[in-house]
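A short worksheet on the structure shown next.
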Amino acid sequence: MTIFTTDLDNTLIYSYKHDIGKYKLCAEIYQGREVSFITTDTYRMLNQVRQKIAVVPVTTRTIEQYERIDLGMGKLPYALVCNGGILLKDGKEDAEWYRDTLEMISESSGEIQKAVHALENDENVCFEVRYIRDLFVFTKSSEPEKTAELLRKTVDPDKADVFTNGVKVYAVPKGLDKGTAVQRLKKYIGADTVIAAGDSEFDIPMLEVADYAICPAELSVGRKNRTVFCKELLSECMLKTLLEIISVQ
């Protein structure tokens with residue numbers, strides 16, 4: 001069984017701030033506004049892929065944020081949200097998966113609490129500090145690199161990682177990563193092959209454990225075997241590559 005694990009934002013769908021051409025479909029509505037889009041070619045190829053293998057979104061989005069996305073395919077059988085900390089099966093949360101996740105990251109909970117306290121007292125933070133389902137902490141900063149440096153000085157690097165993504169800053173427990181989540185899911189559903197796609201630092205662990213990885217040319221992925229680097233619009237390049245891989249399996 002082959003599964004396709006894919007990041008969403010800037011991999012499969014794009015914000016209204018990103019020019020992806022005029023041939024596009026709305027993929028997300030928030031507060032009455034169309035905020036994310038998918039190209040019509042991406043939509044077409046994604047449906048071709050879905051007829052052959054399981055498509056599994058893997059995202060840092062919360063359940064609520066994920067549920068805003070409409071790829072025109074209904075509820076997918078599996079989705080990993082909150083950076084893999086929560087598994088959705090046919091759109092419903094798997095309680096046992098979540099309990100197992102909390103147990104896996106329990107030794108890091110104290111470090112994440114430290115991060116919460118540091119962020120609440122950081123003058124550069126310009127957004128609420130969100131502790132997402134006791135999994136990871138997230139906020140926005142007017143000086144994201146300075147805030148990230150503050151967190152790196154605050155938390156034990158053996159127990160928590162710090163990431164930035166634009167103005168967003170995260171503190172995430174060790175073990176709460178997309179690579180670990182995909183390996184768990186692979187065992188859970190009995191898959192033997194993983195094809196993964198992603199565009200950011202959050203996606204690197206998933207790309208590194210996959211049998212085939214597809215990502216932008218500038219992303220530093222540790223493993224180079226069976227990795228395809230895309231220079232054009234990632235969603236379309238990714239799906240063209242994916243269909244080629246599937247056709248020769």
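Letters A, B, ... go to the chains of the structure tokens in the order shown; residues in each chain start at 1; ligands are counted from 1 in the same order.
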Query raised in the report: In stretch 63-101 of chain A, what's strand (DSSP E or B) per DSSP? Answer as a ChimeraX atom specification?
Result: /A:69,78-81,86-89,92-93
Requested in this report: Find the spatial neighbours of stretch 10-14 of chain A, counting only C-alpha atoms, within a cut-off of 12 Å - ignore same-chain residues fewer than 6 positions away - and output them as a PyMOL selection string.
Outcome: chain A and resi 20-21+24-28+34-43+45-46+55-59+66+69-71+165+196-200+203+214-216+230+232-239
Query raised in the report: From the list A:Glu123, A:Asp134, A:Glu67, A:Asp161, which residue is nearest A:Thr147 when using only C-alpha atoms?
Result: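 For A:Thr147, the nearest of the given residues is A:Glu123.
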Requested in this report: Report the residues of stretch 29-154 of chain A whose backbone DSSP state falls under alpha helix (DSSP H), written as number ranges by chain.
Outcome: A: 40-50, 63-67, 95-104, 109-120, 144-154
Query raised in the report: Leaving out A:Phe138 and any residue of its chain fewer than 3 positions from it, which residues lie within 7 Å of it when counting only C-alpha atoms, given as a list in words?
Result: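 Surrounding residues, per the criterion: Val129, Arg130, Tyr131, Val169, Tyr170 and Ala171 of chain A.
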Produce a table with one row for each residue of stretch 161-239 of chain A that has an atom at most 10 Å from any atom of stretch 93-99 of chain A, each row naming the nearest atom pair and its distance in Å at one decimal; use only C-alpha atoms; arrange rows by chain and rising residue number; format as CSV.
residue,atom,partner,partner_atom,distance
A:Ala181,CA,A:Trp97,CA,9.9
A:Arg184,CA,A:Trp97,CA,9.4
A:Leu185,CA,A:Trp97,CA,9.7
A:Tyr188,CA,A:Trp97,CA,9.9
Limited to C-alpha atoms, could you put the picked residues into a file as a compact mmCIF listing (two decimals), in the first residue's frame?
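Saved file result.txt follows:
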# COMPACT_ATOMS: atom_id res chain seq x y z
CA ALA A 181 3.76 11.05 12.75
CA ARG A 184 3.32 6.05 13.18
CA LEU A 185 0.64 6.26 10.50
CA TYR A 188 -1.04 2.07 11.89
Report task. Between A:Met104, A:Ile189, A:Val155, A:Leu88, single out the one closest to A:Ala118, counting only C-alpha atoms. Result -> A:Val155
**Report entry** Test item: residues at most 10 Å from A:Gly175, only C-alpha atoms, excluding those fewer than 5 positions along its chain, as a PyMOL selection string
**Finding:** chain A and resi 84-85+101+104-105+108+159-161+180-181
Serialized selection, N, CA and C atoms, as a PDB file, in the first residue's frame:
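Ended up saving to part32.pdb:
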ATOM      1  N   GLY A  84       1.073  16.567  13.374  1.00  0.00           N
ATOM      2  CA  GLY A  84       1.049  15.116  13.525  1.00  0.00           C
ATOM      3  C   GLY A  84       0.586  14.654  14.886  1.00  0.00           C
ATOM      4  N   GLY A  85       0.312  15.576  15.781  1.00  0.00           N
ATOM      5  CA  GLY A  85      -0.115  15.195  17.124  1.00  0.00           C
ATOM      6  C   GLY A  85      -1.510  14.634  17.192  1.00  0.00           C
ATOM      7  N   THR A 101       0.188  10.466  21.754  1.00  0.00           N
ATOM      8  CA  THR A 101       1.032  11.625  21.473  1.00  0.00           C
ATOM      9  C   THR A 101       1.411  12.337  22.766  1.00  0.00           C
ATOM     10  N   MET A 104       4.024  10.454  24.551  1.00  0.00           N
ATOM     11  CA  MET A 104       5.313  10.537  23.871  1.00  0.00           C
ATOM     12  C   MET A 104       6.065  11.829  24.201  1.00  0.00           C
ATOM     13  N   ILE A 105       5.328  12.922  24.378  1.00  0.00           N
ATOM     14  CA  ILE A 105       5.974  14.228  24.562  1.00  0.00           C
ATOM     15  C   ILE A 105       5.923  14.702  26.007  1.00  0.00           C
ATOM     16  N   SER A 108       8.653  16.703  27.682  1.00  0.00           N
ATOM     17  CA  SER A 108       8.917  18.047  27.156  1.00  0.00           C
ATOM     18  C   SER A 108       7.910  19.093  27.625  1.00  0.00           C
ATOM     19  N   LYS A 159      14.903  18.748  24.446  1.00  0.00           N
ATOM     20  CA  LYS A 159      13.497  18.432  24.708  1.00  0.00           C
ATOM     21  C   LYS A 159      12.524  19.239  23.859  1.00  0.00           C
ATOM     22  N   ALA A 160      12.998  20.294  23.214  1.00  0.00           N
ATOM     23  CA  ALA A 160      12.098  21.122  22.405  1.00  0.00           C
ATOM     24  C   ALA A 160      12.850  21.793  21.275  1.00  0.00           C
ATOM     25  N   ASP A 161      12.156  21.984  20.173  1.00  0.00           N
ATOM     26  CA  ASP A 161      12.705  22.687  19.013  1.00  0.00           C
ATOM     27  C   ASP A 161      11.999  24.030  18.845  1.00  0.00           C
ATOM     28  N   THR A 180       7.925  11.612  12.538  1.00  0.00           N
ATOM     29  CA  THR A 180       7.459  10.638  13.537  1.00  0.00           C
ATOM     30  C   THR A 180       6.006  10.279  13.282  1.00  0.00           C
ATOM     31  N   ALA A 181       5.182  11.289  12.992  1.00  0.00           N
ATOM     32  CA  ALA A 181       3.758  11.053  12.749  1.00  0.00           C
ATOM     33  C   ALA A 181       3.539  10.160  11.536  1.00  0.00           C
TER      34      ALA A 181
END
Give me, as a PDB file with C-alpha atoms, in the first residue's frame, all polymer residues having an atom no more than 8 Å from A:Val167, counting only C-alpha atoms and skipping those fewer than 5 positions away in the same chain.
ATOM      1  CA  LYS A 140       3.579  35.931  15.987  1.00  0.00           C
ATOM      2  CA  SER A 141       6.392  38.410  16.528  1.00  0.00           C
ATOM      3  CA  SER A 142       7.413  41.750  15.052  1.00  0.00           C
ATOM      4  CA  GLU A 143      10.981  40.454  15.420  1.00  0.00           C
ATOM      5  CA  PRO A 144      10.618  36.687  14.860  1.00  0.00           C
TER       6      PRO A 144
END
Requested in this report: Name all residues at most 8 Å from A:Thr193 (count only C-alpha atoms; drop same-chain ones fewer than 4 positions away) and give them as number ranges by chain.
Outcome: A: 1-3, 210-211
Convert the current residue selection to file output with N, CA and C atoms, as a short mmCIF file (atom, residue, chain, number, x, y, z; two decimals), in the first residue's frame.
data_model
loop_
_atom_site.label_atom_id
_atom_site.label_comp_id
_atom_site.auth_asym_id
_atom_site.auth_seq_id
_atom_site.Cartn_x
_atom_site.Cartn_y
_atom_site.Cartn_z
N MET A 1 0.85 -1.21 0.00
CA MET A 1 0.00 0.00 0.00
C MET A 1 0.88 1.25 0.00
N THR A 2 0.61 2.15 -0.91
CA THR A 2 1.36 3.40 -1.01
C THR A 2 0.48 4.55 -0.52
N ILE A 3 1.07 5.45 0.26
CA ILE A 3 0.35 6.64 0.70
C ILE A 3 1.14 7.89 0.30
N ALA A 210 10.51 9.49 4.17
CA ALA A 210 9.72 8.98 3.05
C ALA A 210 10.57 8.16 2.09
N ASP A 211 9.91 7.29 1.35
CA ASP A 211 10.60 6.52 0.32
C ASP A 211 10.90 7.40 -0.89
#
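Considering the residues A:Val49, A:Val228, A:Leu176, A:Ile29 and counting only C-alpha atoms, A:Gln65 has its shortest atom-to-atom contact with A:Ile29.
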Requested in this report: Measure the distance from atom CA of A:Leu102 to atom CA of A:Asp177 in Å and round it to one decimal.
Outcome: 12.9 Å
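Between atom CA of A:Gly72 and atom CA of A:Thr6 the interatomic distance comes to 16.2 Å.
Note that atom CA of A:Arg50 and atom CA of A:Pro77 are 11.0 Å apart.
Within 10 Å of A:Asp156, once only C-alpha atoms are used and residues closer than 4 positions along the same chain are dropped, the contacting residues are Ser108, Gly110, Glu111, Ile112, Lys114, Leu151, Arg152, Ala160, Asp161 and Pro173 of chain A.
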Would you put the residues from that selection into a file with N, CA and C atoms, as a compact mmCIF listing (two decimals), in the first residue's frame?
# COMPACT_ATOMS: atom_id res chain seq x y z
N SER A 108 8.65 16.70 27.68
CA SER A 108 8.92 18.05 27.16
C SER A 108 7.91 19.09 27.62
N GLY A 110 7.25 20.52 30.41
CA GLY A 110 7.80 21.59 31.24
C GLY A 110 8.52 22.64 30.40
N GLU A 111 9.21 22.19 29.35
CA GLU A 111 9.92 23.12 28.48
C GLU A 111 8.94 23.99 27.68
N ILE A 112 7.84 23.40 27.25
CA ILE A 112 6.85 24.16 26.50
C ILE A 112 6.19 25.19 27.42
N LYS A 114 7.69 26.69 29.84
CA LYS A 114 8.68 27.76 29.92
C LYS A 114 8.58 28.68 28.70
N LEU A 151 13.62 32.08 22.82
CA LEU A 151 13.13 30.74 23.13
C LEU A 151 14.25 29.72 23.18
N ARG A 152 15.19 29.85 22.27
CA ARG A 152 16.31 28.89 22.25
C ARG A 152 17.15 28.99 23.53
N ALA A 160 13.00 20.29 23.21
CA ALA A 160 12.10 21.12 22.40
C ALA A 160 12.85 21.79 21.27
N ASP A 161 12.16 21.98 20.17
CA ASP A 161 12.70 22.69 19.01
C ASP A 161 12.00 24.03 18.85
N PRO A 173 7.67 20.27 21.10
CA PRO A 173 8.37 19.18 21.80
C PRO A 173 9.13 18.27 20.83
